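Q: Below is a structure I'd like to ask you about.
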Amino acid sequence: MRVISLMYHDIVEEEAFDGSGFSGADADLYKTTQRDFQEHLAALARARSDSIAIVLRLNEVTSDSFPVLLTFDDGGRGALLAADMLEAHGWRGHFLVATDFIGHSTFLKREEVRRLHERGHVVGSHSASHPLRMASLAPSRMREEWERSVSELAAIIGEPVRVASIPGGQYSRRVAEEAARAGIRYLFTSEPVARTWSVDGCLLFGRYTVQRWTSAPAVARLARGERLPRMSQYAIWNLKKGLKMLGGDAYLKIRQAVLEGRARSS
Ligand SMILES: [Zn+2]
């Protein structure tokens, strides 16, 4: 099965980047303003209205190619804005929550998490403490992150939690095995691929990243499954992986140079 999953983080009011989720310049790169998100949804409605789905009902999608899944990482308060705006289109999203942060000032409260679930959105785990290098943890720590988070969410929504996403984007087969052991059946990675794969009964999805500067036409092109934008995310992702292996310093320097170049060109 091929699926286009889009990875959003916080949806924020104009200029209120510190009002939802993790704070700092780095986190802000992954936040989308309400106005931009409105445009993204309108573009998606024009491009793929009949294909927006949730993992639990993938078999009901009428379109024969590339169902589109909308995911929101971290569990910041912007999820409430996102949910309202999705519902205006009749759509539902996947809200993946780092459970240790529930109740913190810029994150969802317990009753808000429960309400998202009651409104038909998928509530899933994004680990408990949000380790940035999940694949580097000892297996027992991976298991603890998944189990603690899943049981906390299950207590909140009153149902088993079957969906999750990997914090920090670092994937390994072991991360998926430990997720499967914690009862997770659908796991979103940050690999920019449309194919799905299985590990121990858990179905894995790649995701395409939406960043602060991602335009509505770019989102629509991704959602249509166009090859060029997908290949370019794939190339950049693998370049980053290579640089990270070379060493954190080299990676950070090049990343900074890329960001500065982008700021000048925008
Ligand atoms: Zn995250």
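Ligands are numbered from 1 in the order shown, chains are lettered A, B, ... in the order of the structure tokens, and residues start at 1 in each chain.
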Need to verify the contact set: range 65-71 of chain A, 8 Å, only C-alpha atoms, exclusion of same-chain residues closer than 3 positions in sequence. Can you return it as JSON, numbers by chain?

A: {"A": [2, 3, 4, 5, 6, 7, 8, 9, 48, 51, 52, 53, 54, 55, 58, 61, 92, 93, 94, 95, 96, 194, 223, 224, 225]}

Q: Name each residue within 6 Å of ligand 1, counting only C-alpha atoms and all ligand atoms, as a PyMOL selection string.

A: chain A and resi 73-74+167-168

Q: Using only C-alpha atoms, find each residue of range 164-223 of chain A with at least one atom at most 10 Å away from an atom of range 126-133 of chain A; report its shortest atom-to-atom pair and that distance in Å (one decimal), sort the rows by chain and rising residue number, and return the result as JSON lines.

A:
{"residue": "A:Ala164", "atom": "CA", "partner": "A:His126", "partner_atom": "CA", "distance": 5.6}
{"residue": "A:Ser165", "atom": "CA", "partner": "A:His126", "partner_atom": "CA", "distance": 5.0}
{"residue": "A:Ile166", "atom": "CA", "partner": "A:His126", "partner_atom": "CA", "distance": 5.8}
{"residue": "A:Pro167", "atom": "CA", "partner": "A:His130", "partner_atom": "CA", "distance": 5.6}
{"residue": "A:Gly168", "atom": "CA", "partner": "A:Leu132", "partner_atom": "CA", "distance": 4.2}
{"residue": "A:Gly169", "atom": "CA", "partner": "A:Leu132", "partner_atom": "CA", "distance": 7.4}
{"residue": "A:Gln170", "atom": "CA", "partner": "A:Arg133", "partner_atom": "CA", "distance": 5.7}
{"residue": "A:Tyr171", "atom": "CA", "partner": "A:Arg133", "partner_atom": "CA", "distance": 8.6}
{"residue": "A:Ala179", "atom": "CA", "partner": "A:Ser127", "partner_atom": "CA", "distance": 9.6}
{"residue": "A:Leu187", "atom": "CA", "partner": "A:His126", "partner_atom": "CA", "distance": 9.6}
{"residue": "A:Phe188", "atom": "CA", "partner": "A:His126", "partner_atom": "CA", "distance": 9.4}

Q: Atoms to include: C-alpha atoms. Write the selected residues as a short mmCIF file (atom, residue, chain, number, x, y, z; two decimals), in the first residue's frame.

A:
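Writing done, so here's out_8.cif:
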data_model
loop_
_atom_site.label_atom_id
_atom_site.label_comp_id
_atom_site.auth_asym_id
_atom_site.auth_seq_id
_atom_site.Cartn_x
_atom_site.Cartn_y
_atom_site.Cartn_z
CA ALA A 164 2.19 6.43 17.41
CA SER A 165 4.93 8.50 15.81
CA ILE A 166 8.65 8.49 16.51
CA PRO A 167 10.02 11.64 18.19
CA GLY A 168 13.10 13.17 16.58
CA GLY A 169 12.66 11.04 13.48
CA GLN A 170 15.42 8.56 14.23
CA TYR A 171 14.15 5.17 13.09
CA ALA A 179 6.47 -0.18 19.66
CA LEU A 187 3.70 3.75 13.54
CA PHE A 188 4.59 6.95 11.72
#

Q: As a PyMOL selection string, please: every residue in range 47-239 of chain A that a backbone DSSP assignment puts in strand (DSSP E or B).

A: chain A and resi 52-53+68-74+76+94-97+107+122-125+163-165+186-188+195-199+202-205+208-209

Q: For C-alpha atoms, I'd like the residues from the last selection saved as a short mmCIF file (atom, residue, chain, number, x, y, z; two decimals), in the first residue's frame.

A:
data_model
loop_
_atom_site.label_atom_id
_atom_site.label_comp_id
_atom_site.auth_asym_id
_atom_site.auth_seq_id
_atom_site.Cartn_x
_atom_site.Cartn_y
_atom_site.Cartn_z
CA ILE A 52 -8.03 12.39 3.32
CA ALA A 53 -8.20 9.43 5.68
CA VAL A 68 -3.54 11.12 2.47
CA LEU A 69 -3.01 11.07 6.25
CA LEU A 70 -2.60 14.30 8.20
CA THR A 71 -0.46 13.95 11.33
CA PHE A 72 0.42 16.46 14.06
CA ASP A 73 3.34 15.73 16.36
CA ASP A 74 4.10 16.70 19.96
CA GLY A 76 0.97 21.27 21.63
CA HIS A 94 -3.80 12.13 13.91
CA PHE A 95 -2.58 13.89 17.04
CA LEU A 96 0.56 12.27 18.41
CA VAL A 97 1.22 13.33 21.97
CA PHE A 107 0.63 21.67 25.60
CA VAL A 122 -6.91 9.72 16.26
CA VAL A 123 -4.97 10.23 19.48
CA GLY A 124 -1.64 8.46 19.54
CA SER A 125 1.70 8.35 21.28
CA VAL A 163 -1.12 4.64 16.84
CA ALA A 164 2.19 6.43 17.41
CA SER A 165 4.93 8.50 15.81
CA TYR A 186 0.40 1.90 13.21
CA LEU A 187 3.70 3.75 13.54
CA PHE A 188 4.59 6.95 11.72
CA ARG A 195 5.50 2.89 0.75
CA THR A 196 4.41 1.19 3.96
CA TRP A 197 6.10 -1.75 5.61
CA SER A 198 5.47 -4.09 8.52
CA VAL A 199 7.45 -5.02 11.61
CA CYS A 202 2.90 -3.07 13.20
CA LEU A 203 2.29 -1.15 9.96
CA LEU A 204 4.86 1.57 9.36
CA PHE A 205 4.40 4.77 7.40
CA TYR A 208 6.64 14.12 4.28
CA THR A 209 7.55 17.10 6.46
#

Q: Rounded to one decimal, what separation in Å do you get between CA of Gly158 in chain A and CA of Leu116 in chain A?

A: 12.6 Å

Q: Residues of range 23-263 of chain A in alpha helix (DSSP H) according to DSSP, as a ChimeraX atom specification?

A: /A:25-28,34-48,78-88,110-118,139-157,173-181,216-223,227-246,248-263

Q: So which one's closest to Arg46 in chain A, A:Met134, A:Ile11, A:Ala216, A:Ile184? Using only C-alpha atoms, please.

A: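 Looking at the shortest contact to Arg46 in chain A, the residue is A:Ala216.
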
Q: With a distance cut-off of 12 Å and only C-alpha atoms, select the neighbouring residues of Asn238 in chain A, excluding the residue or stretch itself and same-chain residues fewer than 4 positions from it, and output the selection as a list in words.

A: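 The residues that qualify are Gln170, Ser190, Glu191, Pro192, Val193, Met231, Ser232, Gln233, Tyr234, Gly242, Leu243, Lys244 and Met245 of chain A.
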
Q: Might you pull out every residue within 12 Å of Phe22 in chain A, with only C-alpha atoms counted and same-chain residues fewer than 6 positions away left off, and present them as a list in words?

A: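 What passes the distance filter is His9, Asp10, Asp28, Leu29, Tyr30, Lys31, Asp73, Asp74, Gly75, Gly76, Arg77, Gly78, Ala98, Phe101, Ile102, His104, Ser105, Thr106, Phe107, Leu108 and His130 of chain A.
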
Q: Rounded to one decimal place, report the CA of Val175 in chain A-CA of Ala135 in chain A distance in Å.

A: 5.9 Å

Q: Calculated over only C-alpha atoms, which of the candidates A:Ala16, A:Ala25, A:Val161, A:Ala83 has the smallest distance to Leu56 in chain A?

A: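 The closest residue to Leu56 in chain A is A:Val161.
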
Q: For a test of reading the model, state the distance in Å between CA of Ala42 in chain A and CA of Glu112 in chain A, rounded to one decimal.

A: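 The value is 25.7 Å.
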
Q: Which residues are close to Glu15 in chain A, i.e. within 12 Å by only C-alpha atoms, leaving aside same-chain residues fewer than 5 positions away? Reply as an MDAnalysis selection string.

A: chainID A and resid 20 28 31:36 212
